[in-house]
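Participant: Supplied in structure tokens, the structure appears directly below.
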Amino acid sequence: MEIRKGKREDLQYLPAILMEAYKGIEEYGEKNIEKARKYIEDLYEEDPECFFVAEDNGKIAGFIFCNRFWYSKFEHSHVGAIHEVVVLPSYRHEGIGRILIEKAMEKLKPSKIELWVGEKNENAIKFYENLGFKRREKTGKWIRMVYIA
Ligand SMILES: CC(C)(COP(=O)(O)OP(=O)(O)OC[C@H]1O[C@@H](n2cnc3c(N)ncnc32)[C@H](O)[C@@H]1OP(=O)(O)O)[C@@H](O)C(=O)NCCC(=O)NCCS
């Protein structure tokens, strides 16, 4: 497994991975592959330097998008943001998610980091808590979590 910087050419593979990864928690994912494509493209454009993929023998197993320049209305300042992290179900529980987050954190430091997670996405909430994120506000079905170095 190799964790490397993502490239524009990688984007074409990500909508299908995203749709697969959100099976069972569809309410927090994208409605269809077209929407997923647009979402991925927008995330990439926000901060292309803050995009990493986990690759296994040429196959993308997971990815992360972050943003070094995110304005947080909750913090009233610019913070680092993690906008999306996914690992394909068949590659989970091997620590790939953790490595992707650590890679993003390295890129975002020393900023405070913000992310939003679905309230019923307990696996992800626990995963973030294990990495040092703390729960903050709830807005609709989303919970804001922050990491302070
Ligand atoms: C959240 C997500 C990215 C985690 O990916 P992952 O690669 O499975 O993450 P990790 O392996 O680093 O850690 C996940 C769990 O596996 C455990 N784990 C890590 N290495 C392990 C190993 N070698 N053997 C067994 N378990 C292991 C971790 O302790 C953690 O378990 P816990 O949370 O119960 O303590 C993945 O589940 C996912 O894609 N979910 C769907 C999309 C999503 O919800 N994204 C977040 C949106 S905000």
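Labels used: A, B, ... for chains in the order of the structure tokens, numbers from 1 for residues in each chain, and numbers from 1 for ligands as shown.
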Determine, using only C-alpha atoms, which residues of range 28-113 of chain A have any atom at most 9 Å from an atom of range 123-135 of chain A, and tabulate each with its shortest atom pair and distance in Å to one decimal place, rows ordered by chain and then rising number, as JSON lines.

Facilitator:
{"residue": "A:Gly97", "atom": "CA", "partner": "A:Phe127", "partner_atom": "CA", "distance": 8.5}
{"residue": "A:Arg98", "atom": "CA", "partner": "A:Leu131", "partner_atom": "CA", "distance": 7.5}
{"residue": "A:Ile101", "atom": "CA", "partner": "A:Leu131", "partner_atom": "CA", "distance": 8.3}
{"residue": "A:Glu102", "atom": "CA", "partner": "A:Leu131", "partner_atom": "CA", "distance": 8.6}
{"residue": "A:Ile113", "atom": "CA", "partner": "A:Phe133", "partner_atom": "CA", "distance": 8.5}

Participant: Using only C-alpha atoms and all ligand atoms, which residues have at least one atom no more than 10 Å from ligand 1? Output them as a ChimeraX atom specification.

Facilitator: /A:17-26,28-29,54,61-64,82-102,115-131,142-145

Participant: Using DSSP on the backbone coordinates, identify all residues within range 38-82 of chain A classified as helix (DSSP H, G or I); present the result as a PyMOL selection string.

Facilitator: chain A and resi 38-46+48-50

Participant: Those residues with C-alpha atoms, as a CSV table (one decimal), in the first residue's frame please?

Facilitator:
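That gives us selection.csv:
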chain,number,residue,atom,x,y,z
A,38,LYS,CA,-19.1,17.1,-9.4
A,39,TYR,CA,-18.5,16.9,-5.6
A,40,ILE,CA,-15.1,15.3,-6.1
A,41,GLU,CA,-14.1,17.9,-8.8
A,42,ASP,CA,-15.1,20.7,-6.4
A,43,LEU,CA,-13.1,19.3,-3.6
A,44,TYR,CA,-10.1,18.9,-5.8
A,45,GLU,CA,-10.3,22.5,-7.0
A,46,GLU,CA,-10.5,23.9,-3.4
A,48,PRO,CA,-5.3,20.4,-5.1
A,49,GLU,CA,-2.2,20.2,-2.9
A,50,CYS,CA,-4.3,18.7,-0.1

Participant: Would you compute the distance between CA of Ala81 in chain A and CA of Cys66 in chain A? Give it in Å to one decimal.

Facilitator: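 So the answer is 5.4 Å.
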
Participant: For the atom pair CA of Gly6 in chain A and CA of Ile148 in chain A, what is the interatomic distance in Å to one decimal place?

Facilitator: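 Straight-line distance from CA of Gly6 in chain A to CA of Ile148 in chain A works out to 25.5 Å.
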
Participant: Set the distance at 12 Å and use only C-alpha atoms: which residues neighbour His78 in chain A once local chain neighbours fewer than 6 positions away are removed? I'd like the list as a PyMOL selection string.

Facilitator: chain A and resi 67-72+108+110-114

Participant: Next, dump the selected residues to file, keeping only N, CA and C atoms, as a CSV table (one decimal), in the first residue's frame.

Facilitator:
chain,number,residue,atom,x,y,z
A,67,ASN,N,-8.3,21.0,3.0
A,67,ASN,CA,-8.2,22.4,2.6
A,67,ASN,C,-7.5,23.2,3.6
A,68,ARG,N,-6.4,23.8,3.2
A,68,ARG,CA,-5.5,24.6,4.1
A,68,ARG,C,-6.1,26.0,4.4
A,69,PHE,N,-7.1,26.4,3.6
A,69,PHE,CA,-7.6,27.8,3.7
A,69,PHE,C,-9.1,27.9,4.0
A,70,TRP,N,-9.6,27.0,4.8
A,70,TRP,CA,-11.0,27.0,5.0
A,70,TRP,C,-11.4,28.1,6.0
A,71,TYR,N,-12.5,28.9,5.7
A,71,TYR,CA,-13.0,29.8,6.7
A,71,TYR,C,-14.1,29.2,7.5
A,72,SER,N,-13.9,29.1,8.8
A,72,SER,CA,-14.9,28.5,9.6
A,72,SER,C,-15.7,29.6,10.3
A,108,LEU,N,-1.9,20.2,7.1
A,108,LEU,CA,-2.7,21.3,7.7
A,108,LEU,C,-2.0,22.0,8.9
A,110,PRO,N,0.2,24.2,11.4
A,110,PRO,CA,-0.2,24.0,12.8
A,110,PRO,C,-1.7,24.4,13.0
A,111,SER,N,-2.5,24.5,11.9
A,111,SER,CA,-3.9,25.0,12.1
A,111,SER,C,-4.7,24.1,12.9
A,112,LYS,N,-5.7,24.7,13.5
A,112,LYS,CA,-6.8,23.9,14.1
A,112,LYS,C,-7.5,23.2,12.9
A,113,ILE,N,-8.1,22.1,13.1
A,113,ILE,CA,-8.7,21.3,12.0
A,113,ILE,C,-10.2,21.1,12.3
A,114,GLU,N,-11.0,21.4,11.3
A,114,GLU,CA,-12.5,21.2,11.4
A,114,GLU,C,-13.0,20.1,10.4

Participant: Could you check the closest approach to Glu2 in chain A for each of A:Glu34, A:Pro15, A:Asn57, A:Asp47 and tell me which residue wins, using only C-alpha atoms?

Facilitator: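 Checking each of A:Glu34, A:Pro15, A:Asn57, A:Asp47 against Glu2 in chain A, counting only C-alpha atoms, the winner is A:Asn57.
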